[in-house]
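Text of protein.cif, listed as mmCIF, C-alpha atoms; chains and numbers go by the auth columns:
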data_input
loop_
_atom_site.group_PDB
_atom_site.id
_atom_site.type_symbol
_atom_site.label_atom_id
_atom_site.label_comp_id
_atom_site.label_asym_id
_atom_site.label_seq_id
_atom_site.Cartn_x
_atom_site.Cartn_y
_atom_site.Cartn_z
_atom_site.B_iso_or_equiv
_atom_site.auth_seq_id
_atom_site.auth_asym_id
ATOM 1 C CA MET A 1 -35.218 -128.809 84.189 0.00 251 A
ATOM 2 C CA THR A 2 -38.945 -129.399 84.129 0.00 252 A
ATOM 3 C CA THR A 3 -41.077 -129.550 81.010 0.00 253 A
ATOM 4 C CA LYS A 4 -42.828 -126.347 82.073 0.00 254 A
ATOM 5 C CA THR A 5 -39.512 -124.518 82.422 0.00 255 A
ATOM 6 C CA LYS A 6 -38.388 -125.677 78.984 0.00 256 A
ATOM 7 C CA TRP A 7 -41.679 -124.523 77.514 0.00 257 A
ATOM 8 C CA LEU A 8 -41.341 -121.085 79.130 0.00 258 A
ATOM 9 C CA ILE A 9 -37.774 -120.716 77.812 0.00 259 A
ATOM 10 C CA ALA A 10 -38.852 -121.683 74.287 0.00 260 A
ATOM 11 C CA ALA A 11 -41.817 -119.305 74.441 0.00 261 A
ATOM 12 C CA GLY A 12 -39.602 -116.485 75.678 0.00 262 A
ATOM 13 C CA ALA A 13 -37.111 -117.113 72.891 0.00 263 A
ATOM 14 C CA ALA A 14 -39.905 -117.084 70.296 0.00 264 A
ATOM 15 C CA VAL A 15 -41.270 -113.808 71.649 0.00 265 A
ATOM 16 C CA THR A 16 -37.779 -112.296 71.560 0.00 266 A
ATOM 17 C CA VAL A 17 -37.316 -113.318 67.906 0.00 267 A
ATOM 18 C CA VAL A 18 -40.699 -111.846 66.989 0.00 268 A
ATOM 19 C CA LEU A 19 -39.933 -108.569 68.766 0.00 269 A
ATOM 20 C CA LEU A 20 -36.509 -108.307 67.115 0.00 270 A
ATOM 21 C CA THR A 21 -38.033 -109.005 63.695 0.00 271 A
ATOM 22 C CA VAL A 22 -40.754 -106.403 64.190 0.00 272 A
ATOM 23 C CA GLY A 23 -38.165 -103.914 65.391 0.00 273 A
ATOM 24 C CA ALA A 24 -35.969 -104.544 62.359 0.00 274 A
ATOM 25 C CA VAL A 25 -38.941 -104.110 60.024 0.00 275 A
ATOM 26 C CA VAL A 26 -39.875 -100.832 61.720 0.00 276 A
ATOM 27 C CA ILE A 27 -36.304 -99.526 61.459 0.00 277 A
ATOM 28 C CA VAL A 28 -36.036 -100.439 57.767 0.00 278 A
ATOM 29 C CA TRP A 29 -39.453 -98.869 57.093 0.00 279 A
ATOM 30 C CA GLN A 30 -38.406 -95.667 58.842 0.00 280 A
ATOM 31 C CA LEU A 31 -35.157 -95.512 56.867 0.00 281 A
ATOM 32 C CA LEU A 32 -36.864 -96.092 53.516 0.00 282 A
ATOM 33 C CA ASN A 33 -39.597 -93.573 54.247 0.00 283 A
ATOM 34 C CA TYR A 34 -37.534 -91.011 56.135 0.00 284 A
ATOM 35 C CA VAL A 35 -38.600 -87.442 55.414 0.00 285 A
ATOM 36 C CA PRO A 36 -36.345 -84.620 56.659 0.00 286 A
ATOM 37 C CA ALA A 37 -38.016 -82.322 59.170 0.00 287 A
ATOM 38 C CA LYS A 38 -37.912 -79.330 56.817 0.00 288 A
ATOM 39 C CA LEU A 39 -39.969 -81.246 54.247 0.00 289 A
ATOM 40 C CA ARG A 40 -42.621 -82.719 56.534 0.00 290 A
ATOM 41 C CA LEU A 41 -44.867 -79.649 56.367 0.00 291 A
ATOM 42 C CA LEU A 42 -44.893 -79.505 52.571 0.00 292 A
ATOM 43 C CA PRO A 43 -48.304 -79.972 50.932 0.00 293 A
ATOM 44 C CA LYS A 44 -49.018 -83.529 49.790 0.00 294 A
ATOM 45 C CA TYR A 45 -50.002 -84.681 46.329 0.00 295 A
ATOM 46 C CA SER A 46 -52.020 -87.629 45.073 0.00 296 A
ATOM 47 C CA LEU A 47 -51.352 -89.703 41.957 0.00 297 A
ATOM 48 C CA GLU A 48 -53.666 -91.726 39.737 0.00 298 A
ATOM 49 C CA GLN A 49 -52.891 -93.725 36.594 0.00 299 A
ATOM 50 C CA THR A 50 -55.347 -94.770 33.895 0.00 300 A
ATOM 51 C CA ASP A 51 -55.230 -95.895 30.257 0.00 301 A
ATOM 52 C CA SER A 52 -54.511 -93.091 27.814 0.00 302 A
ATOM 53 C CA SER A 53 -56.733 -92.446 24.804 0.00 303 A
ATOM 54 C CA HIS A 54 -53.606 -93.299 22.786 0.00 304 A
ATOM 55 C CA PRO A 55 -53.112 -97.080 22.478 0.00 305 A
ATOM 56 C CA TRP A 56 -50.364 -98.603 24.648 0.00 306 A
ATOM 57 C CA TYR A 57 -49.814 -95.383 26.627 0.00 307 A
ATOM 58 C CA ARG A 58 -50.708 -94.601 30.231 0.00 308 A
ATOM 59 C CA ARG A 59 -52.113 -91.307 31.528 0.00 309 A
ATOM 60 C CA THR A 60 -50.857 -90.292 34.956 0.00 310 A
ATOM 61 C CA THR A 61 -52.614 -87.491 36.826 0.00 311 A
ATOM 62 C CA VAL A 62 -51.255 -85.667 39.866 0.00 312 A
ATOM 63 C CA GLN A 63 -53.473 -83.550 42.105 0.00 313 A
ATOM 64 C CA PHE A 64 -51.416 -80.870 43.823 0.00 314 A
ATOM 65 C CA ASN A 65 -52.372 -77.551 45.430 0.00 315 A
ATOM 66 C CA SER A 66 -55.915 -77.672 44.027 0.00 316 A
ATOM 67 C CA ALA A 67 -54.554 -78.129 40.484 0.00 317 A
ATOM 68 C CA ALA A 68 -54.365 -81.157 38.219 0.00 318 A
ATOM 69 C CA TYR A 69 -51.203 -82.064 36.308 0.00 319 A
ATOM 70 C CA VAL A 70 -50.895 -84.773 33.690 0.00 320 A
ATOM 71 C CA ASN A 71 -48.277 -86.899 31.964 0.00 321 A
ATOM 72 C CA ASP A 72 -49.771 -88.418 28.810 0.00 322 A
ATOM 73 C CA PHE A 73 -48.751 -89.243 25.230 0.00 323 A
ATOM 74 C CA GLU A 74 -48.066 -85.574 24.419 0.00 324 A
ATOM 75 C CA ASP A 75 -45.716 -85.309 27.389 0.00 325 A
ATOM 76 C CA TYR A 76 -43.692 -88.522 27.085 0.00 326 A
ATOM 77 C CA SER A 77 -41.036 -86.786 24.981 0.00 327 A
ATOM 78 C CA ILE A 78 -40.650 -83.814 27.368 0.00 328 A
ATOM 79 C CA LEU A 79 -37.815 -84.452 29.826 0.00 329 A
ATOM 80 C CA LEU A 80 -35.986 -82.483 32.487 0.00 330 A
ATOM 81 C CA ALA A 81 -32.776 -80.704 31.479 0.00 331 A
ATOM 82 C CA ASN A 82 -31.611 -81.424 35.040 0.00 332 A
ATOM 83 C CA PRO A 83 -32.839 -84.969 35.827 0.00 333 A
ATOM 84 C CA VAL A 84 -32.692 -84.440 39.609 0.00 334 A
ATOM 85 C CA PRO A 85 -34.363 -81.156 40.630 0.00 335 A
ATOM 86 C CA THR A 86 -33.736 -79.901 44.150 0.00 336 A
ATOM 87 C CA ASN A 87 -36.392 -77.292 44.958 0.00 337 A
ATOM 88 C CA ALA A 88 -39.048 -79.388 46.705 0.00 338 A
ATOM 89 C CA ILE A 89 -42.541 -77.872 46.859 0.00 339 A
ATOM 90 C CA GLY A 90 -44.552 -80.950 47.888 0.00 340 A
ATOM 91 C CA ARG A 91 -44.334 -84.570 48.907 0.00 341 A
ATOM 92 C CA ALA A 92 -46.158 -87.864 48.606 0.00 342 A
ATOM 93 C CA PRO A 93 -48.710 -88.844 51.271 0.00 343 A
ATOM 94 C CA PHE A 94 -46.504 -91.856 52.068 0.00 344 A
ATOM 95 C CA GLY A 95 -42.781 -92.397 51.619 0.00 345 A
ATOM 96 C CA ASN A 96 -40.203 -89.790 50.704 0.00 346 A
ATOM 97 C CA SER A 97 -41.060 -89.028 47.060 0.00 347 A
ATOM 98 C CA LEU A 98 -41.159 -85.311 46.262 0.00 348 A
ATOM 99 C CA VAL A 99 -42.654 -82.893 43.796 0.00 349 A
ATOM 100 C CA CYS A 100 -40.273 -80.126 42.708 0.00 350 A
ATOM 101 C CA SER A 101 -40.430 -76.919 40.759 0.00 351 A
ATOM 102 C CA ILE A 102 -38.509 -76.750 37.467 0.00 352 A
ATOM 103 C CA PRO A 103 -35.947 -73.952 37.015 0.00 353 A
ATOM 104 C CA GLY A 104 -37.220 -71.520 34.383 0.00 354 A
ATOM 105 C CA GLN A 105 -40.777 -72.850 34.524 0.00 355 A
ATOM 106 C CA ASN A 106 -43.821 -71.457 36.312 0.00 356 A
ATOM 107 C CA GLN A 107 -45.009 -74.190 38.676 0.00 357 A
ATOM 108 C CA ALA A 108 -48.551 -73.363 37.578 0.00 358 A
ATOM 109 C CA ASP A 109 -47.565 -74.810 34.164 0.00 359 A
ATOM 110 C CA TYR A 110 -45.079 -77.622 34.850 0.00 360 A
ATOM 111 C CA ILE A 111 -43.853 -79.564 37.866 0.00 361 A
ATOM 112 C CA ALA A 112 -41.477 -82.513 38.335 0.00 362 A
ATOM 113 C CA VAL A 113 -42.718 -85.550 40.284 0.00 363 A
ATOM 114 C CA ASP A 114 -40.568 -88.404 41.582 0.00 364 A
ATOM 115 C CA CYS A 115 -42.208 -91.539 40.153 0.00 365 A
ATOM 116 C CA GLY A 116 -39.389 -93.907 41.078 0.00 366 A
ATOM 117 C CA SER A 117 -39.726 -96.759 43.544 0.00 367 A
ATOM 118 C CA GLU A 118 -36.272 -97.385 44.988 0.00 368 A
ATOM 119 C CA MET A 119 -34.350 -94.669 43.117 0.00 369 A
ATOM 120 C CA GLU A 120 -35.279 -91.120 42.133 0.00 370 A
ATOM 121 C CA ALA A 121 -36.962 -90.947 38.740 0.00 371 A
ATOM 122 C CA TYR A 122 -38.481 -87.542 38.099 0.00 372 A
ATOM 123 C CA GLU A 123 -41.017 -87.089 35.321 0.00 373 A
ATOM 124 C CA VAL A 124 -42.494 -83.912 33.890 0.00 374 A
ATOM 125 C CA PHE A 125 -46.150 -83.135 34.593 0.00 375 A
ATOM 126 C CA ARG A 126 -48.104 -80.435 32.756 0.00 376 A
ATOM 127 C CA ASN A 127 -51.055 -78.508 34.144 0.00 377 A
ATOM 128 C CA VAL A 128 -54.181 -79.778 32.389 0.00 378 A
ATOM 129 C CA ASN A 129 -55.056 -76.165 31.548 0.00 379 A
ATOM 130 C CA HIS A 130 -51.668 -75.571 29.926 0.00 380 A
ATOM 131 C CA PRO A 131 -51.368 -76.630 26.251 0.00 381 A
ATOM 132 C CA PRO A 132 -48.888 -79.376 25.281 0.00 382 A
ATOM 133 C CA PHE A 133 -45.563 -78.170 23.911 0.00 383 A
ATOM 134 C CA ASP A 134 -45.969 -77.473 20.177 0.00 384 A
ATOM 135 C CA TRP A 135 -42.710 -78.986 18.932 0.00 385 A
ATOM 136 C CA ARG A 136 -43.920 -78.920 15.325 0.00 386 A
ATOM 137 C CA HIS A 137 -43.699 -75.125 15.226 0.00 387 A
ATOM 138 C CA ALA A 138 -40.953 -74.529 17.786 0.00 388 A
ATOM 139 C CA LYS A 139 -37.612 -72.947 16.942 0.00 389 A
ATOM 140 C CA PHE A 140 -34.844 -75.027 18.488 0.00 390 A
ATOM 141 C CA GLN A 141 -31.469 -73.562 19.375 0.00 391 A
ATOM 142 C CA ALA A 142 -29.460 -76.777 19.763 0.00 392 A
ATOM 143 C CA MET A 143 -29.653 -80.560 19.872 0.00 393 A
ATOM 144 C CA GLU A 144 -27.447 -83.218 21.441 0.00 394 A
ATOM 145 C CA ILE A 145 -27.110 -86.978 21.374 0.00 395 A
ATOM 146 C CA GLY A 146 -24.805 -89.418 23.115 0.00 396 A
ATOM 147 C CA SER A 147 -24.700 -93.195 23.445 0.00 397 A
ATOM 148 C CA PRO A 148 -21.931 -95.783 23.902 0.00 398 A
ATOM 149 C CA THR A 149 -23.286 -97.752 20.931 0.00 399 A
ATOM 150 C CA ILE A 150 -24.395 -94.948 18.608 0.00 400 A
ATOM 151 C CA HIS A 151 -22.000 -92.131 19.435 0.00 401 A
ATOM 152 C CA PRO A 152 -19.447 -92.639 22.243 0.00 402 A
ATOM 153 C CA GLU A 153 -19.082 -88.913 22.889 0.00 403 A
ATOM 154 C CA ARG A 154 -21.886 -86.369 23.129 0.00 404 A
ATOM 155 C CA LYS A 155 -22.528 -84.810 19.756 0.00 405 A
ATOM 156 C CA ARG A 156 -24.028 -81.315 19.511 0.00 406 A
ATOM 157 C CA SER A 157 -25.378 -79.217 16.673 0.00 407 A
ATOM 158 C CA THR A 158 -26.799 -75.722 16.339 0.00 408 A
ATOM 159 C CA ASP A 159 -27.533 -76.140 12.632 0.00 409 A
ATOM 160 C CA GLN A 160 -31.006 -74.646 12.201 0.00 410 A
ATOM 161 C CA ALA A 161 -31.606 -76.397 8.885 0.00 411 A
ATOM 162 C CA LEU A 162 -30.671 -79.804 10.321 0.00 412 A
ATOM 163 C CA MET A 163 -32.951 -79.378 13.347 0.00 413 A
ATOM 164 C CA ALA A 164 -35.800 -78.189 11.132 0.00 414 A
ATOM 165 C CA GLU A 165 -35.294 -81.313 9.023 0.00 415 A
ATOM 166 C CA VAL A 166 -35.620 -83.552 12.100 0.00 416 A
ATOM 167 C CA VAL A 167 -38.847 -81.810 13.090 0.00 417 A
ATOM 168 C CA ARG A 168 -40.196 -82.038 9.542 0.00 418 A
ATOM 169 C CA GLN A 169 -39.496 -85.777 9.357 0.00 419 A
ATOM 170 C CA LEU A 170 -41.198 -86.386 12.704 0.00 420 A
ATOM 171 C CA SER A 171 -44.174 -84.279 11.703 0.00 421 A
ATOM 172 C CA GLU A 172 -44.654 -85.297 8.076 0.00 422 A
ATOM 173 C CA GLY A 173 -42.769 -88.568 7.644 0.00 423 A
ATOM 174 C CA THR A 174 -44.552 -91.862 7.005 0.00 424 A
ATOM 175 C CA PRO A 175 -44.119 -94.573 9.673 0.00 425 A
ATOM 176 C CA THR A 176 -42.387 -97.651 8.250 0.00 426 A
ATOM 177 C CA PRO A 177 -42.325 -100.957 10.149 0.00 427 A
ATOM 178 C CA THR A 178 -39.016 -102.724 9.643 0.00 428 A
ATOM 179 C CA PRO A 179 -37.876 -106.321 10.283 0.00 429 A
ATOM 180 C CA GLU A 180 -35.136 -104.990 12.554 0.00 430 A
ATOM 181 C CA LEU A 181 -37.436 -102.903 14.747 0.00 431 A
ATOM 182 C CA PRO A 182 -41.169 -103.423 14.062 0.00 432 A
ATOM 183 C CA SER A 183 -43.808 -101.315 15.765 0.00 433 A
ATOM 184 C CA ALA A 184 -44.400 -104.086 18.322 0.00 434 A
ATOM 185 C CA LEU A 185 -41.185 -105.753 19.424 0.00 435 A
ATOM 186 C CA THR A 186 -40.579 -108.241 22.215 0.00 436 A
ATOM 187 C CA THR A 187 -37.656 -107.426 24.468 0.00 437 A
ATOM 188 C CA SER A 188 -36.195 -110.899 23.900 0.00 438 A
ATOM 189 C CA HIS A 189 -35.850 -109.916 20.242 0.00 439 A
ATOM 190 C CA ALA A 190 -34.913 -106.355 21.148 0.00 440 A
ATOM 191 C CA ALA A 191 -32.278 -107.142 23.774 0.00 441 A
ATOM 192 C CA GLY A 192 -29.484 -106.191 21.417 0.00 442 A
ATOM 193 C CA ALA A 193 -31.448 -103.772 19.279 0.00 443 A
ATOM 194 C CA LEU A 194 -32.494 -101.530 22.169 0.00 444 A
ATOM 195 C CA LYS A 195 -28.849 -100.703 22.821 0.00 445 A
ATOM 196 C CA ASN A 196 -29.131 -98.519 19.738 0.00 446 A
ATOM 197 C CA LEU A 197 -32.269 -96.750 20.963 0.00 447 A
ATOM 198 C CA VAL A 198 -31.545 -93.353 22.540 0.00 448 A
ATOM 199 C CA SER A 199 -33.022 -89.895 23.031 0.00 449 A
ATOM 200 C CA LEU A 200 -32.222 -86.886 20.898 0.00 450 A
ATOM 201 C CA GLN A 201 -32.222 -83.885 23.217 0.00 451 A
ATOM 202 C CA MET A 202 -33.536 -80.735 21.554 0.00 452 A
ATOM 203 C CA TYR A 203 -33.370 -77.380 23.354 0.00 453 A
ATOM 204 C CA CYS A 204 -35.753 -74.491 22.815 0.00 454 A
ATOM 205 C CA ASP A 205 -35.800 -71.069 24.523 0.00 455 A
ATOM 206 C CA ALA A 206 -39.576 -71.394 24.752 0.00 456 A
ATOM 207 C CA LEU A 207 -39.115 -74.477 26.972 0.00 457 A
ATOM 208 C CA PRO A 208 -36.584 -73.463 29.668 0.00 458 A
ATOM 209 C CA GLY A 209 -35.493 -76.181 32.053 0.00 459 A
ATOM 210 C CA LEU A 210 -36.953 -78.856 29.776 0.00 460 A
ATOM 211 C CA MET A 211 -36.046 -80.692 26.567 0.00 461 A
ATOM 212 C CA PHE A 212 -37.990 -82.140 23.678 0.00 462 A
ATOM 213 C CA CYS A 213 -36.572 -85.654 23.333 0.00 463 A
ATOM 214 C CA PRO A 214 -37.713 -87.765 20.382 0.00 464 A
ATOM 215 C CA SER A 215 -36.193 -91.248 20.174 0.00 465 A
ATOM 216 C CA VAL A 216 -33.570 -92.327 17.648 0.00 466 A
ATOM 217 C CA TYR A 217 -32.857 -95.884 16.545 0.00 467 A
ATOM 218 C CA TRP A 218 -29.895 -96.986 14.456 0.00 468 A
ATOM 219 C CA ASP A 219 -30.144 -100.548 13.177 0.00 469 A
ATOM 220 C CA GLY A 220 -26.382 -100.973 12.831 0.00 470 A
ATOM 221 C CA THR A 221 -26.437 -101.114 9.014 0.00 471 A
ATOM 222 C CA GLY A 222 -26.619 -97.370 8.640 0.00 472 A
ATOM 223 C CA THR A 223 -30.396 -96.944 8.597 0.00 473 A
ATOM 224 C CA VAL A 224 -31.682 -94.457 11.169 0.00 474 A
ATOM 225 C CA TYR A 225 -35.261 -94.110 12.435 0.00 475 A
ATOM 226 C CA LEU A 226 -37.045 -91.446 14.461 0.00 476 A
ATOM 227 C CA THR A 227 -40.155 -91.523 16.634 0.00 477 A
ATOM 228 C CA GLU A 228 -41.788 -88.898 18.826 0.00 478 A
ATOM 229 C CA SER A 229 -41.970 -91.398 21.686 0.00 479 A
ATOM 230 C CA TYR A 230 -42.474 -95.080 22.401 0.00 480 A
ATOM 231 C CA SER A 231 -44.309 -97.081 25.033 0.00 481 A
ATOM 232 C CA VAL A 232 -43.743 -100.468 26.615 0.00 482 A
ATOM 233 C CA GLU A 233 -46.516 -103.031 26.960 0.00 483 A
ATOM 234 C CA TYR A 234 -45.964 -105.458 29.829 0.00 484 A
ATOM 235 C CA THR A 235 -47.444 -108.938 29.458 0.00 485 A
ATOM 236 C CA ASN A 236 -47.074 -112.193 31.373 0.00 486 A
ATOM 237 C CA ARG A 237 -44.418 -113.604 29.082 0.00 487 A
ATOM 238 C CA ALA A 238 -42.754 -110.618 27.455 0.00 488 A
ATOM 239 C CA GLU A 239 -42.532 -106.881 27.083 0.00 489 A
ATOM 240 C CA LYS A 240 -43.357 -105.163 23.811 0.00 490 A
ATOM 241 C CA VAL A 241 -42.057 -101.833 22.574 0.00 491 A
ATOM 242 C CA HIS A 242 -44.629 -99.872 20.551 0.00 492 A
ATOM 243 C CA ALA A 243 -43.701 -96.943 18.328 0.00 493 A
ATOM 244 C CA ASN A 244 -44.261 -95.398 14.916 0.00 494 A
ATOM 245 C CA TRP A 245 -40.803 -95.513 13.328 0.00 495 A
ATOM 246 C CA ILE A 246 -40.072 -92.921 10.648 0.00 496 A
ATOM 247 C CA PRO A 247 -36.957 -93.179 8.462 0.00 497 A
ATOM 248 C CA ALA A 248 -34.643 -90.271 9.211 0.00 498 A
ATOM 249 C CA SER A 249 -33.280 -88.086 6.431 0.00 499 A
ATOM 250 C CA GLU A 250 -29.923 -88.960 4.909 0.00 500 A
ATOM 251 C CA THR A 251 -28.540 -85.646 6.181 0.00 501 A
ATOM 252 C CA PHE A 252 -29.419 -86.450 9.789 0.00 502 A
ATOM 253 C CA ALA A 253 -28.175 -90.041 9.458 0.00 503 A
ATOM 254 C CA GLN A 254 -24.855 -88.777 8.123 0.00 504 A
ATOM 255 C CA TRP A 255 -24.555 -86.245 10.954 0.00 505 A
ATOM 256 C CA LEU A 256 -25.272 -89.008 13.465 0.00 506 A
ATOM 257 C CA LYS A 257 -22.574 -91.313 12.090 0.00 507 A
ATOM 258 C CA THR A 258 -19.764 -88.799 11.608 0.00 508 A
ATOM 259 C CA PRO A 259 -17.304 -88.044 14.460 0.00 509 A
#
Encoded form (C-alpha cells):
Amino acid sequence: MTTKTKWLIAAGAAVTVVLLTVGAVVIVWQLLNYVPAKLRLLPKYSLEQTDSSHPWYRRTTVQFNSAAYVNDFEDYSILLANPVPTNAIGRAPFGNSLVCSIPGQNQADYIAVDCGSEMEAYEVFRNVNHPPFDWRHAKFQAMEIGSPTIHPERKRSTDQALMAEVVRQLSEGTPTPTPELPSALTTSHAAGALKNLVSLQMYCDALPGLMFCPSVYWDGTGTVYLTESYSVEYTNRAEKVHANWIPASETFAQWLKTP
C-alpha cells in the first residue's frame, strides 16, 4: 500500500467521523428544539431580563402580541395553581418553550411563560398595564402547606382569622435578622436550613388559576418566620439568599406544627 493510498484512507476516515459528528449534533439539536406542527404557527415572544429597582431581584419582561408582560418583585410570590399549563398561545423564537394562557385568567392580564432550560418551569407574567395583586387587602378562602421536613402531609385551613393574621404579619410585621437565617445567607451555611424553607399557598377567588405564595421558614427549634418572597444572589464562590424575615404569630406557628 503506497503512502498516497494510506493518506487517502486516513483522510476519508477523518471526513466520515466529521460528517457523523455533525449529523449527530444536528439530530440532537432537532430533538431538543422539536416543535410539533400544530404549534409552529403560533406567534412568537421575546424575553429580556434586567435588574429590578428592588435590590437583589431581577425584572423579566416578555413582549407578546404587541403587549408587554413583566415578572418583578411584586410578582415573585404569585405562582400557578397548575404548574404545567397546557393551552399554548405562543412560542419562543428558538427552541420549544411556550407561552400559555392561565385557566380563569384573561390573557390580557396574565400569561404563563416557560422559563426553564432543560425542564419545563412556567412563571407568571403580568401585563404592565395590569396592577399587581393586592394581597394586603385580599380575602383568602383557603391556604395549604406541605413539606417533608416541616409537615409531611399537606395541611389545609379555611380559618379566616388565621389567614388574616398571616397577611397582617406580612404587611405590618418588623423584619428580624436571625443567626439561623440572616437576610443574606450563603448556601453552604443554608444547605440544611433551606430544607425548612417552603411556600405557603393561599387561594383567593379574585385570583383564579393562581396562588399567592409567601415563604415560610421553620428553624427547627419552633420559631417560624414569614417573608413575601426571597431572591438568590449568584456570585463566583457562593449563592446568597436575600429576604426580609418576619417572625410569624404564635397562632400560625402552632397551626404549622400540629398534625
Report the residues retrieved by the PyMOL selection byres ((chain A and resi 324-337) around 7) from the displayed file, expressed as a ChimeraX atom specification. /A:321-323,338-339,350-352,372-374,382,459-464,478-479
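In this comparison, which uses all atoms listed in the file, the residue of A:Asn377, A:Thr426, A:Asn346, A:Gln451 approaching Cys365 (chain A) most closely is A:Asn346.
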How would you write, as an MDAnalysis selection string, the residues chosen by the PyMOL selection byres ((chain A and resi 417) around 10) on this structure? chainID A and resid 385:390 411:416 418:423 464 476 478
Give me, as a ChimeraX atom specification, all polymer residues having an atom no more than 7 Å from region 291-297 of chain A, counting all atoms listed in the file and skipping those fewer than 2 positions away in the same chain. /A:288-289,299,311-314,339-343
Counting only C-alpha atoms, write as a CSV table (one decimal) with C-alpha atoms, keeping the file's coordinate frame all protein and nucleic acid residues lying at most 10 Å from (-32.0, -98.3, 3.0) in the file's frame.
chain,number,residue,atom,x,y,z
A,471,THR,CA,-26.4,-101.1,9.0
A,472,GLY,CA,-26.6,-97.4,8.6
A,473,THR,CA,-30.4,-96.9,8.6
A,474,VAL,CA,-31.7,-94.5,11.2
A,497,PRO,CA,-37.0,-93.2,8.5
A,500,GLU,CA,-29.9,-89.0,4.9
I need the residue set behind the PyMOL selection byres ((chain A and resi 300) around 10) for this file; please write it as an MDAnalysis selection string. chainID A and resid 298:299 301:303 307:311 322
Within 8 Å of (-49.2, -103.7, 21.6) (coordinates as in the file), grab all the protein and nucleic acid residues, counting all atoms listed in the file, and write them out as a PyMOL selection string. chain A and resi 305-306+434+483+490-492
In terms of the shortest atom-to-atom distance over all atoms listed in the file, which of A:Gln391, A:Ser481, A:Ser347, A:Asn446 is closest to Trp468 (chain A)? A:Asn446
Shortest interatomic distance to Asp455 (chain A) - which of A:Thr424, A:Arg404, A:Ile395, A:Gly354, counting only C-alpha atoms: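 Going through A:Thr424, A:Arg404, A:Ile395, A:Gly354 one by one, the smallest distance to Asp455 (chain A) is for A:Gly354.
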